[in-house]
Amino acid sequence: MLSKYRSSKAFVVSFALHAIAGIIGFFFWTSEQFIGNQDAINAVLMKVEEPKTKRMNRPKRPQVRRQKANVQTNRPALKILTSNAPATERGVVSAAEPTQFSLGPMNLSDNVGLSTESVAPQAMPQMERVITNPIKKVDSEERPKSRLVKFIERQEGPQRIIYCVDLSSSMVGLKPRKLRRILGIMTNSLEFLEPHDQFNVCTFSEEVQFYQPNFLSVSDANIADTVAHLEAAKPVKSERYPDKDMLEALQETHNRGPTIVVLFSDGILTSGIPDLKAIEQRATTDIRIFTMAIEMAEDFPGAVLLGALATHSEGEFWLVRR
């Protein structure tokens, strides 16, 4: 009896444990099934359709516009027959009707061919030549004028001009093209002189030399010879010291009695320390001095002396630049 009771009790306990295990297993199985279904839903891939490429149609060919040009001529209007076909949409222009050419009565009994008679050529009418834009001869007054030319033209009455050029040893370092430019300005001013003017050329290095002992008249031959003389001028290094400077050259030119002295120099004095009183003595108002310099600064001692000469003589100082 006791053994039967124990077996029943064991059966009940076993049944209860199996029931609990079944319930727990059922809950675990449903949760795993729900999670699996949820993963399956999230894993679905969406296929995105590619955007369709819009086809661009080629632009239509523009229609050809027909323009009618009216040309005024002295000939009678003629209608040229190109075709008897009507006008088409492709732009072929044709005559609507054939043109009737009136040739007059024809005698077919006569010989047809080229005539053997000589035909006298008719004289062609001569056409009058009309020049709409004649070439104007450039006058000397229309050419560009340098400051030197304008300075000379401001002076009243006949002028006696001496062109004084520094060719001393201190000018050897001057670039040849710049010397040629200064000499070109001088020779250009010769072409603007008036017939009643006179001129001469003076160069100074070891000595003060004049091109001619007396003043030259303004003529084509004298100007050409003077230009050739200036083009051959070049600085020469002296073998003795010191060279003649611009103050000594002005003293020599003063004895010739000019009204204008055109002086080109670097302003370096070899006769001693610059003396302003000596400059005032050389720069008198009866002789106007037009001084020229190149390749130097405005505060260079030589430029200052050249400016003082021009100021005291009521002349003008020109520092030639580019």
# chains A, B, ... in the order shown; residues from 1 in each chain; ligands from 1
call {"tool": "select_by_dssp", "arguments": {"residues": "segment 123-248 of chain A", "states": "strand (DSSP E)", "output": "list in words"}}
result
Arg160, Ile161, Ile162, Tyr163, Cys164, Val165, Asp166, Gln198, Phe199, Asn200, Val201, Cys202, Thr203, Phe204, Val208, Gln209, Phe210, Leu216 and Ser217 of chain A
call {"tool": "residues_around", "arguments": {"residues": "segment 178-181 of chain A", "least_positions_apart": "6", "cutoff": "12 Å", "atoms": "only C-alpha atoms", "output": "VMD selection string"}}
result
chain A and resid 165 to 167 171 to 172 187 to 188 227 230 to 235 264 to 266 292 to 296 320 to 322
call {"tool": "closest_atom_pairs", "arguments": {"of": "segment 225-284 of chain A", "to": "segment 201-205 of chain A", "cutoff": "10 Å", "atoms": "only C-alpha atoms", "output": "Markdown table"}}
result
| residue | atom | partner | partner_atom | distance |
| --- | --- | --- | --- | --- |
| A:Thr226 | CA | A:Val201 | CA | 7.8 |
| A:His229 | CA | A:Val201 | CA | 8.9 |
| A:Leu230 | CA | A:Val201 | CA | 8.3 |
| A:Ala233 | CA | A:Thr203 | CA | 8.6 |
| A:Lys234 | CA | A:Thr203 | CA | 9.9 |
| A:Pro235 | CA | A:Ser205 | CA | 7.9 |
| A:Val236 | CA | A:Ser205 | CA | 7.5 |
| A:Lys237 | CA | A:Ser205 | CA | 8.4 |
| A:Ser238 | CA | A:Ser205 | CA | 7.2 |
| A:Pro242 | CA | A:Ser205 | CA | 9.2 |
| A:Asp243 | CA | A:Ser205 | CA | 5.5 |
| A:Lys244 | CA | A:Ser205 | CA | 5.5 |
| A:Asp245 | CA | A:Phe204 | CA | 7.3 |
| A:Met246 | CA | A:Phe204 | CA | 7.9 |
| A:Glu248 | CA | A:Phe204 | CA | 8.9 |
| A:Ala249 | CA | A:Phe204 | CA | 6.6 |
| A:Leu250 | CA | A:Cys202 | CA | 9.8 |
| A:Glu252 | CA | A:Cys202 | CA | 9.4 |
| A:Thr253 | CA | A:Cys202 | CA | 7.9 |
| A:Val261 | CA | A:Val201 | CA | 9.7 |
| A:Val262 | CA | A:Val201 | CA | 9.4 |
| A:Leu263 | CA | A:Cys202 | CA | 9.3 |
| A:Phe264 | CA | A:Thr203 | CA | 9.7 |
| A:Ser265 | CA | A:Phe204 | CA | 9.9 |
call {"tool": "atom_distance", "arguments": {"atom1": "atom CA of Gly173 of chain A", "atom2": "atom CA of Ser146 of chain A"}}
result
25.6 Å
call {"tool": "atom_distance", "arguments": {"atom1": "atom CA of His312 of chain A", "atom2": "atom CA of Gln281 of chain A"}}
result
9.2 Å
